[in-house]
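upload13.cif (mmCIF, C-alpha atoms) appears below.
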data_coords
#
loop_
_atom_site.label_atom_id
_atom_site.label_comp_id
_atom_site.auth_asym_id
_atom_site.auth_seq_id
_atom_site.Cartn_x
_atom_site.Cartn_y
_atom_site.Cartn_z
CA MET S 101 288.77 72.90 23.02
CA ARG S 102 291.77 71.02 21.64
CA VAL S 103 292.04 67.61 23.27
CA ILE S 104 294.53 64.72 22.98
CA GLY S 105 293.37 61.18 23.75
CA LEU S 106 295.90 58.51 24.76
CA MET S 107 295.43 54.80 25.16
CA SER S 108 297.06 51.39 25.07
CA GLY S 109 294.73 48.46 24.59
CA THR S 110 294.72 44.86 25.73
CA SER S 111 297.29 43.99 23.06
CA TYR S 112 299.73 46.50 24.70
CA ASP S 113 301.75 46.73 21.50
CA ALA S 114 301.61 50.51 21.08
CA VAL S 115 300.56 53.78 22.65
CA GLU S 116 297.90 55.42 20.50
CA ALA S 117 297.35 59.17 20.42
CA ALA S 118 294.65 61.13 18.60
CA ALA S 119 293.91 64.84 18.72
CA ALA S 120 290.71 66.69 17.96
CA ASP S 121 289.04 70.05 18.28
CA LEU S 122 285.73 69.69 20.12
CA VAL S 123 282.87 72.17 20.45
CA LEU S 124 279.46 71.60 22.04
CA ALA S 125 276.72 73.65 20.32
CA ASP S 126 273.21 73.03 21.66
CA ASP S 127 272.70 69.26 21.44
CA VAL S 128 275.42 68.61 18.84
CA LEU S 129 279.01 67.79 19.73
CA TRP S 130 281.23 68.81 16.83
CA MET S 131 284.56 67.03 16.38
CA ARG S 132 287.37 67.91 14.00
CA PRO S 133 290.03 65.16 14.09
CA LEU S 134 293.56 66.52 13.76
CA GLY S 135 295.42 63.26 13.19
CA HIS S 136 296.77 60.36 15.18
CA LEU S 137 300.02 58.64 16.15
CA SER S 138 300.82 55.04 16.96
CA VAL S 139 304.09 54.64 18.84
CA PRO S 140 305.35 51.10 19.52
CA CYS S 141 305.49 50.22 23.18
CA PRO S 142 309.14 49.92 24.32
CA GLY S 143 310.24 46.29 24.52
CA HIS S 144 311.19 46.41 28.19
CA LEU S 145 307.80 47.93 29.04
CA ARG S 146 305.97 45.22 27.09
CA GLY S 147 307.85 42.69 29.18
CA LEU S 148 306.84 44.40 32.42
CA ILE S 149 303.20 44.47 31.33
CA ALA S 150 303.24 40.81 30.30
CA ASP S 151 304.81 39.83 33.61
CA ALA S 152 302.18 41.74 35.59
CA LEU S 153 299.04 40.54 33.78
CA PRO S 154 296.90 37.78 35.32
CA PRO S 155 297.33 34.92 35.85
CA SER S 156 300.95 35.90 36.58
CA ALA S 157 301.95 36.76 40.13
CA THR S 158 303.57 40.15 40.69
CA THR S 159 304.87 42.44 43.43
CA VAL S 160 303.99 45.94 44.61
CA ARG S 161 307.47 47.04 43.47
CA ALA S 162 306.81 45.70 39.96
CA VAL S 163 303.42 47.43 39.82
CA THR S 164 305.00 50.70 40.94
CA GLU S 165 307.72 50.39 38.30
CA LEU S 166 305.09 49.66 35.69
CA ASP S 167 302.92 52.60 36.79
CA THR S 168 305.89 54.93 36.32
CA GLY S 169 307.04 53.31 33.06
CA VAL S 170 303.62 53.52 31.43
CA GLY S 171 303.20 57.11 32.64
CA GLN S 172 306.55 58.10 31.14
CA ALA S 173 305.81 56.33 27.84
CA PHE S 174 302.43 58.05 27.59
CA ALA S 175 304.08 61.37 28.45
CA ASP S 176 306.57 60.97 25.59
CA VAL S 177 303.75 60.28 23.14
CA ALA S 178 301.69 63.19 24.49
CA VAL S 179 304.59 65.59 23.89
CA ARG S 180 304.84 64.34 20.32
CA ALA S 181 301.07 64.71 19.85
CA VAL S 182 301.14 68.32 21.03
CA ARG S 183 303.97 69.10 18.63
CA GLU S 184 302.99 67.00 15.61
CA LEU S 185 299.21 67.00 15.73
CA CYS S 186 298.34 70.25 17.48
CA ASP S 187 300.89 72.75 16.15
CA GLY S 188 302.34 73.04 19.64
CA ALA S 189 299.15 74.05 21.46
CA ALA S 190 296.50 71.92 23.19
CA ASP S 191 294.13 72.38 26.13
CA LEU S 192 293.73 68.93 27.65
CA VAL S 193 295.17 65.41 27.63
CA VAL S 194 292.97 62.40 28.36
CA SER S 195 294.82 59.21 29.28
CA HIS S 196 293.18 55.82 29.48
CA GLY S 197 296.41 54.22 30.70
CA GLN S 198 297.16 50.50 30.52
CA THR S 199 294.64 48.08 31.99
CA VAL S 200 296.41 45.46 34.08
CA CYS S 201 293.39 44.05 35.93
CA HIS S 202 289.64 44.07 35.41
CA TRP S 203 288.33 42.28 38.49
CA VAL S 204 285.08 40.43 37.75
CA GLU S 205 283.31 38.02 40.11
CA ASP S 206 280.04 36.31 39.15
CA GLY S 207 279.48 38.89 36.44
CA THR S 208 279.99 41.85 38.78
CA VAL S 209 282.98 44.14 38.37
CA ARG S 210 284.57 44.67 41.78
CA GLY S 211 287.38 46.91 40.57
CA THR S 212 289.52 47.89 37.62
CA LEU S 213 293.11 49.07 37.46
CA GLN S 214 294.69 51.17 34.73
CA LEU S 215 298.34 52.09 35.27
CA GLY S 216 300.26 55.07 33.93
CA ARG S 217 300.70 57.83 36.49
CA PRO S 218 299.17 60.99 34.95
CA ALA S 219 301.60 63.31 36.77
CA TRP S 220 304.29 62.34 34.24
CA ILE S 221 302.04 63.48 31.38
CA ALA S 222 301.10 66.73 33.15
CA GLU S 223 304.74 67.49 33.90
CA ALA S 224 305.95 66.76 30.37
CA THR S 225 303.21 68.70 28.55
CA GLY S 226 302.24 71.30 31.15
CA LEU S 227 298.60 70.42 30.42
CA PRO S 228 295.84 69.16 32.73
CA VAL S 229 295.18 65.43 32.42
CA VAL S 230 291.98 63.44 32.85
CA SER S 231 292.73 59.83 33.81
CA ASP S 232 291.25 56.82 35.68
CA LEU S 233 288.15 56.97 33.51
CA ARG S 234 286.58 53.64 34.49
CA SER S 235 286.48 53.73 38.30
CA ALA S 236 283.53 56.11 38.76
CA ASP S 237 281.27 53.89 36.66
CA VAL S 238 282.37 50.80 38.62
CA ALA S 239 281.65 52.62 41.90
CA ALA S 240 278.16 53.40 40.55
CA GLY S 241 277.55 49.68 40.02
CA GLY S 242 278.63 49.51 36.40
CA GLN S 243 281.05 47.33 34.47
CA GLY S 244 283.37 50.25 33.73
CA ALA S 245 283.28 49.07 30.12
CA PRO S 246 282.88 49.50 27.26
CA LEU S 247 283.39 53.25 27.60
CA VAL S 248 283.55 53.82 23.84
CA ALA S 249 279.76 53.43 23.96
CA MET S 250 279.20 57.16 24.46
CA THR S 251 281.01 57.99 21.22
CA ASP S 252 279.26 55.12 19.43
CA VAL S 253 275.80 56.20 20.57
CA LEU S 254 276.34 59.82 19.56
CA ALA S 255 277.80 58.81 16.17
CA LEU S 256 275.25 56.10 15.32
CA SER S 257 272.12 57.94 16.39
CA ALA S 258 271.48 59.44 12.95
CA LEU S 259 271.73 56.10 11.10
CA PRO S 260 268.59 54.15 10.11
CA GLY S 261 267.67 50.66 11.22
CA VAL S 262 269.53 49.04 14.10
CA PRO S 263 273.16 50.10 13.65
CA ALA S 264 275.94 48.77 15.85
CA ALA S 265 279.59 49.66 16.33
CA LEU S 266 282.12 46.86 16.73
CA ASN S 267 285.64 47.39 18.03
CA LEU S 268 288.07 44.53 17.44
CA GLY S 269 290.95 45.07 19.85
CA GLY S 270 292.27 42.44 22.21
CA ILE S 271 288.66 42.09 23.30
CA ALA S 272 285.67 42.63 21.00
CA ASN S 273 282.91 44.98 22.10
CA VAL S 274 279.68 46.12 20.46
CA THR S 275 277.35 49.07 20.92
CA VAL S 276 273.81 48.60 19.61
CA VAL S 277 271.55 51.60 19.00
CA ALA S 278 267.98 50.43 18.35
CA PRO S 279 265.15 52.95 17.93
CA GLY S 280 262.82 53.24 20.92
CA THR S 281 265.13 51.47 23.36
CA GLU S 282 268.10 52.38 25.51
CA PRO S 283 271.50 51.76 23.88
CA LEU S 284 273.23 48.50 24.74
CA ALA S 285 277.00 47.97 24.93
CA PHE S 286 279.05 44.98 26.05
CA ASP S 287 282.15 42.86 25.45
CA THR S 288 281.31 39.90 23.24
CA GLY S 289 284.53 38.01 24.02
CA PRO S 290 288.03 37.84 22.55
CA ALA S 291 289.01 39.52 19.30
CA ASN S 292 292.81 39.45 19.01
CA ALA S 293 293.64 38.39 22.58
CA LEU S 294 293.68 34.63 22.04
CA MET S 295 295.06 34.84 18.49
CA ASP S 296 297.99 36.98 19.65
CA ALA S 297 298.62 34.67 22.60
CA ALA S 298 298.62 31.68 20.26
CA VAL S 299 301.10 33.28 17.85
CA ARG S 300 303.49 34.17 20.67
CA HIS S 301 303.18 30.64 22.06
CA PHE S 302 303.67 28.77 18.78
CA THR S 303 306.59 30.97 17.66
CA ALA S 304 308.24 31.07 21.11
CA GLY S 305 307.87 34.84 21.07
CA ALA S 306 309.43 35.37 17.64
CA ALA S 307 306.16 36.86 16.35
CA GLU S 308 303.57 38.91 18.20
CA TYR S 309 300.53 38.53 15.95
CA ASP S 310 299.23 36.92 12.77
CA GLU S 311 300.14 39.58 10.20
CA ASP S 312 297.29 40.09 7.71
CA GLY S 313 295.75 36.86 8.99
CA ARG S 314 298.13 34.82 6.83
CA ARG S 315 298.48 31.90 9.23
CA ALA S 316 294.75 31.71 9.86
CA ALA S 317 294.19 31.81 6.08
CA ALA S 318 296.51 28.81 5.69
CA GLY S 319 294.66 26.83 8.35
CA ARG S 320 291.31 25.09 8.70
CA VAL S 321 288.75 25.54 11.44
CA ASP S 322 288.76 22.58 13.83
CA PRO S 323 285.11 21.89 14.82
CA ALA S 324 286.00 20.04 18.03
CA LEU S 325 288.22 22.83 19.33
CA LEU S 326 285.62 25.43 18.36
CA ARG S 327 282.94 23.56 20.35
CA VAL S 328 285.17 23.47 23.42
CA LEU S 329 285.99 27.16 23.15
CA LEU S 330 282.32 28.10 22.69
CA ASP S 331 281.46 26.22 25.88
CA GLU S 332 282.86 29.15 27.88
CA GLU S 333 280.14 30.37 30.25
CA TYR S 334 280.87 34.06 29.56
CA TYR S 335 279.19 33.89 26.16
CA ARG S 336 275.86 32.91 27.73
CA ARG S 337 275.79 35.74 30.27
CA PRO S 338 273.31 38.53 29.54
CA ALA S 339 274.51 42.05 28.86
CA PRO S 340 275.74 44.32 30.28
CA LYS S 341 278.95 42.40 30.77
CA SER S 342 282.67 42.94 30.35
CA THR S 343 285.78 40.80 30.26
CA GLY S 344 289.50 40.93 29.53
CA LYS S 345 292.74 39.00 29.54
CA GLU S 346 291.96 37.87 33.07
CA LEU S 347 289.84 35.23 31.31
CA PHE S 348 290.93 35.11 27.68
CA HIS S 349 294.64 34.38 28.05
CA LEU S 350 297.06 31.63 27.02
CA PRO S 351 296.11 29.19 29.84
CA HIS S 352 292.48 29.45 28.68
CA LEU S 353 293.55 28.38 25.18
CA LEU S 354 295.89 25.63 26.40
CA GLU S 355 293.10 24.17 28.55
CA ALA S 356 290.86 24.03 25.46
CA LEU S 357 293.65 22.41 23.43
CA ALA S 358 294.12 19.79 26.12
CA ALA S 359 290.44 18.84 25.71
CA ALA S 360 290.51 19.04 21.90
CA PRO S 361 294.10 18.68 20.60
CA VAL S 362 294.97 20.26 17.26
CA ARG S 363 298.23 19.41 15.54
CA GLU S 364 298.71 22.37 13.22
CA PRO S 365 299.17 25.86 14.74
CA ASP S 366 297.59 27.45 11.67
CA ASP S 367 294.43 25.42 12.29
CA VAL S 368 294.33 26.79 15.85
CA LEU S 369 294.54 30.34 14.50
CA ALA S 370 291.80 29.71 11.94
CA THR S 371 289.62 28.31 14.73
CA LEU S 372 290.27 31.31 16.97
CA ALA S 373 289.34 33.69 14.17
CA ARG S 374 286.10 31.76 13.68
CA LEU S 375 285.47 31.92 17.44
CA THR S 376 285.58 35.71 17.33
CA ALA S 377 283.36 35.84 14.25
CA VAL S 378 280.78 33.47 15.74
CA THR S 379 280.56 35.20 19.13
CA VAL S 380 280.30 38.67 17.57
CA ALA S 381 277.68 37.46 15.08
CA ASP S 382 275.65 35.73 17.81
CA ALA S 383 275.55 39.00 19.75
CA CYS S 384 274.50 40.98 16.69
CA ARG S 385 271.75 38.54 15.73
CA ALA S 386 270.41 38.52 19.28
CA HIS S 387 269.82 42.26 19.08
CA GLY S 388 268.64 42.55 15.48
CA VAL S 389 271.62 44.47 14.14
CA THR S 390 271.11 45.61 10.54
CA ARG S 391 274.43 47.39 9.96
CA LEU S 392 277.84 46.96 11.58
CA VAL S 393 280.51 49.68 11.71
CA VAL S 394 283.92 48.19 12.49
CA SER S 395 287.11 49.62 14.02
CA GLY S 396 290.21 48.40 15.84
CA GLY S 397 293.22 46.34 14.86
CA GLY S 398 291.13 43.29 13.96
CA ALA S 399 289.48 45.29 11.18
CA HIS S 400 292.77 44.87 9.25
CA ASN S 401 292.60 41.05 9.44
CA PRO S 402 290.97 39.98 6.14
CA VAL S 403 290.38 36.43 7.40
CA LEU S 404 288.53 37.61 10.48
CA MET S 405 286.49 40.14 8.49
CA GLY S 406 285.69 37.51 5.86
CA MET S 407 284.47 35.09 8.52
CA LEU S 408 282.40 37.82 10.12
CA ALA S 409 280.76 38.54 6.75
CA GLU S 410 280.00 34.82 6.39
CA GLU S 411 278.41 34.71 9.84
CA LEU S 412 276.31 37.84 9.18
CA PRO S 413 274.99 37.52 5.62
CA GLY S 414 272.88 40.48 4.66
CA VAL S 415 274.39 42.77 7.31
CA PRO S 416 276.63 45.42 5.71
CA LEU S 417 280.08 45.73 7.29
CA ASP S 418 281.52 49.24 7.11
CA SER S 419 284.69 50.84 8.39
CA SER S 420 284.24 53.50 11.07
CA ASP S 421 285.62 55.85 8.40
CA VAL S 422 281.99 56.19 7.26
CA LEU S 423 281.39 58.07 10.53
CA GLY S 424 284.50 60.21 10.05
CA LEU S 425 286.36 58.21 12.70
CA PRO S 426 289.53 56.46 11.45
CA PRO S 427 289.49 52.80 12.59
CA ASP S 428 292.96 52.99 14.15
CA ALA S 429 292.23 56.26 15.97
CA LYS S 430 288.64 55.74 17.05
CA GLU S 431 289.34 54.57 20.61
CA ALA S 432 291.80 57.36 21.32
CA LEU S 433 289.31 59.87 19.90
CA ALA S 434 286.61 58.31 22.06
CA PHE S 435 288.66 58.92 25.19
CA ALA S 436 289.39 62.48 24.08
CA LEU S 437 285.62 62.95 23.83
CA LEU S 438 285.09 61.50 27.32
CA GLY S 439 287.65 63.85 28.84
CA PHE S 440 285.98 66.79 27.08
CA LEU S 441 282.66 65.80 28.63
CA THR S 442 284.24 65.49 32.07
CA VAL S 443 285.77 68.97 32.15
CA ASN S 444 282.46 70.36 30.88
CA GLY S 445 280.60 68.76 33.78
CA LEU S 446 278.87 66.06 31.73
CA PRO S 447 278.70 62.29 32.33
CA GLY S 448 280.55 60.04 29.94
CA ALA S 449 279.15 56.60 30.76
CA VAL S 450 276.01 55.07 29.22
CA PRO S 451 274.24 53.32 32.15
CA SER S 452 272.25 51.01 29.89
CA GLY S 453 275.57 49.88 28.42
CA THR S 454 277.58 49.47 31.62
CA GLY S 455 274.77 48.56 34.02
CA ALA S 456 275.50 51.46 36.37
CA ARG S 457 272.83 52.97 38.61
CA ARG S 458 273.45 56.40 37.15
CA ALA S 459 275.45 58.17 34.47
CA ALA S 460 278.69 59.08 36.22
CA LEU S 461 281.12 61.91 35.57
CA LEU S 462 284.25 60.01 34.64
CA GLY S 463 287.87 60.34 35.64
CA SER S 464 290.21 62.23 37.91
CA LEU S 465 291.92 65.53 37.06
CA THR S 466 295.64 66.20 37.42
CA PRO S 467 296.55 69.90 37.00
CA GLY S 468 299.26 70.97 34.59
CA HIS S 469 301.74 73.77 35.15
CA ALA S 470 299.07 76.49 35.37
CA PRO S 471 296.23 76.78 37.88
CA LEU S 472 293.34 74.50 36.96
CA ARG S 473 290.48 76.41 35.36
CA LEU S 474 287.48 74.48 34.09
CA PRO S 475 284.81 75.70 31.67
CA GLU S 476 281.36 76.60 32.96
CA PRO S 477 279.35 73.36 33.19
CA ALA S 478 277.39 72.66 30.02
CA ALA S 479 273.63 73.12 30.24
CA ALA S 480 272.76 69.77 28.66
CA PRO S 481 274.52 66.70 27.23
CA PRO S 482 274.91 66.22 23.47
CA ARG S 483 272.52 64.04 21.52
CA LEU S 484 274.56 63.73 18.33
CA LEU S 485 278.19 63.67 17.21
CA ARG S 486 279.10 65.42 13.99
CA VAL S 487 282.60 64.85 12.61
CA THR S 488 283.95 67.42 10.20
CA GLY S 489 287.17 68.29 8.43
CA GLU S 490 286.43 71.98 8.60
CA PRO S 491 287.77 74.31 11.33
CA LEU S 492 285.36 74.74 14.24
CA LEU S 493 284.21 78.18 15.36
#

Give the structure from this file in structure tokens form.
Amino acid sequence: MRVIGLMSGTSYDAVEAAAADLVLADDVLWMRPLGHLSVPCPGHLRGLIADALPPSATTVRAVTELDTGVGQAFADVAVRAVRELCDGAADLVVSHGQTVCHWVEDGTVRGTLQLGRPAWIAEATGLPVVSDLRSADVAAGGQGAPLVAMTDVLALSALPGVPAALNLGGIANVTVVAPGTEPLAFDTGPANALMDAAVRHFTAGAAEYDEDGRRAAAGRVDPALLRVLLDEEYYRRPAPKSTGKELFHLPHLLEALAAAPVREPDDVLATLARLTAVTVADACRAHGVTRLVVSGGGAHNPVLMGMLAEELPGVPLDSSDVLGLPPDAKEALAFALLGFLTVNGLPGAVPSGTGARRAALLGSLTPGHAPLRLPEPAAAPPRLLRVTGEPLL
């Protein structure tokens, strides 16, 4: 089955698309990546998203406009992916959409909202679309995140020791696969979310992020600010847990700066990079991680990666390329995999990672132009992911 995965993360700077051929043979899920696209999010749409995200107030009209706008943007990228990555022919599109709210109270997720109406994608491509991938896990008592855990578990299972996968997007999440125990997956805290917010604030919107970590490299970590930031209660909660920009946003940073003022913006950025490194490393040490496989935009920040190496001496840091999963395409490929599982009648959530009562079948299906025909349900779930560059039979 040829599947396209679409997503836009908490940084909402681009729509990511990745395509892959997927075949389930006995207990092995074979994946042949076909390439990926990263299409910048239109400026007006970025503004709509920023205006709708907590703690901002919004209106039902604005949410409706955003739902349509994200759906149309994803549809445009999906059309390109079919043409440029799939030689004009695909079987399924899987759309994560744009998260605008992840509603958490006292550590319990009450609801989650991803916008981007899938009907626009189905109409533009003619293909069936799997969307709304998080809600079923939340309804089953889970966090609805991190959903990349299924891909991580299948990909890491063959590695020795206690391997873990780390994704550094707006939020950082880890998946730990230790022998003899159930996999564990959770959000450790911010990755790029606070750093991006700080750059936009200090440059009055002239820059969106700290390119190549240059400003953080020019700064010094402020110990007082770091102590205040680390006092956040979220870090002490046990897993499974999840978070988002509902907590780690500009007001969160400004409140910390009010308690521990820092004159130089570059010092703030250096401190925020160290915050991410410390909180990720604390999580890895707590679970005995012996090898860390890294993906996401933060993997391109040499300052952040250097600090992470300092915090985890003796733990090798590898790119997800070692698993055959390009760092910039891994999340989109992970959602393609989840959609493939859904249409084959298999659950996509890892209950020990999300805290759900059961492993739920994820997502809702929107038919394309043709009548909806699903494969016969698979007899058993996969135990291992094999990524290959060779054509699949």

TODO: Quick one: pull the distance between CA of Gly344 in chain S and CA of Leu330 in chain S, Å, one decimal.
DONE: 16.2 Å

Open item on the list: Can you tell me which residues surround Glu490 in chain S at a distance of at most 8 Å, considering all atoms listed in the file, apart from same-chain residues fewer than 2 positions away, and format the answer as a VMD selection string?
Closed with: chain S and resid 132 488 492

TODO: Could you state which residues are captured by the PyMOL selection byres ((chain S and resi 368) around 8) in this file, as number ranges by chain?
DONE: S: 298, 316, 319-322, 362, 364-367, 369-372

Open item on the list: Under the rule that only C-alpha atoms are counted, which of S:Val128, S:Val200, S:Cys384, S:Cys186 is the nearest residue to Asp151 in chain S?
Closed with: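 Smallest distance to Asp151 in chain S is found for S:Val200.
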
Given the file shown, determine the residues that the PyMOL selection byres ((chain S and resi 291) around 7) selects; report them as a tab-separated table (two decimals) with C-alpha atoms, in the frame of the given file.
chain	number	residue	atom	x	y	z
S	268	LEU	CA	288.07	44.53	17.44
S	269	GLY	CA	290.95	45.07	19.85
S	270	GLY	CA	292.27	42.44	22.21
S	271	ILE	CA	288.66	42.09	23.30
S	272	ALA	CA	285.67	42.63	21.00
S	289	GLY	CA	284.53	38.01	24.02
S	290	PRO	CA	288.03	37.84	22.55
S	292	ASN	CA	292.81	39.45	19.01
S	293	ALA	CA	293.64	38.39	22.58
S	376	THR	CA	285.58	35.71	17.33
S	398	GLY	CA	291.13	43.29	13.96

- [ ] With the file shown as input, list the residues that the PyMOL selection byres ((chain S and resi 224) around 12) selects, as JSON, numbers by chain.
- [x] {"S": [171, 172, 173, 174, 175, 176, 177, 178, 179, 180, 181, 182, 193, 218, 219, 220, 221, 222, 223, 225, 226, 227, 228, 229, 467, 468, 469]}

Task: Neighbour list for Gly261 in chain S as a list of chain:residue names, cut-off 12 Å, all atoms listed in the file, skip fewer than 5 positions in-chain - done: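 Counting all atoms listed in the file, the residues come to S:Leu256, S:Val276, S:Val277, S:Ala278, S:Pro279, S:Gly280, S:His387, S:Gly388, S:Val389, S:Thr390, S:Arg391, S:Leu392, S:Val415, S:Pro416.
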
- [ ] Tell me, in Å to one decimal, how far CA of Val160 in chain S is from CA of Thr208 in chain S.
- [x]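 Here the two named atoms are 25.0 Å from each other.
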
- [ ] Find the residues with any atom within 10 Å of (293.9, 62.2, 30.2); use all atoms listed in the file and the coordinates as given in the file, and write the answer as JSON, numbers by chain.
- [x] {"S": [103, 104, 105, 106, 107, 174, 178, 192, 193, 194, 195, 196, 197, 218, 221, 222, 227, 228, 229, 230, 231, 232, 233, 435, 436, 438, 439, 440, 463, 464, 465, 466]}

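The two atoms in question, CA of Pro477 in chain S and CA of Asn444 in chain S, are spaced 4.9 Å apart.
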
- [ ] Would you please work out which residue, of S:Pro447, S:Gly453, S:Pro491, S:Gly396, is nearest to Leu425 in chain S when using all atoms listed in the file?
- [x]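 Ranking S:Pro447, S:Gly453, S:Pro491, S:Gly396 by distance to Leu425 in chain S, first place goes to S:Gly396.
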
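Neighbouring residues of Pro402 in chain S at 12 Å or closer, counting all atoms listed in the file and skipping chain neighbours under 6 positions away, are Asp310, Glu311, Asp312, Gly313, Arg314, Arg315, Ala316, Ala317, Ala370, Ala373, Ala377, Leu408 and Ala409 of chain S.
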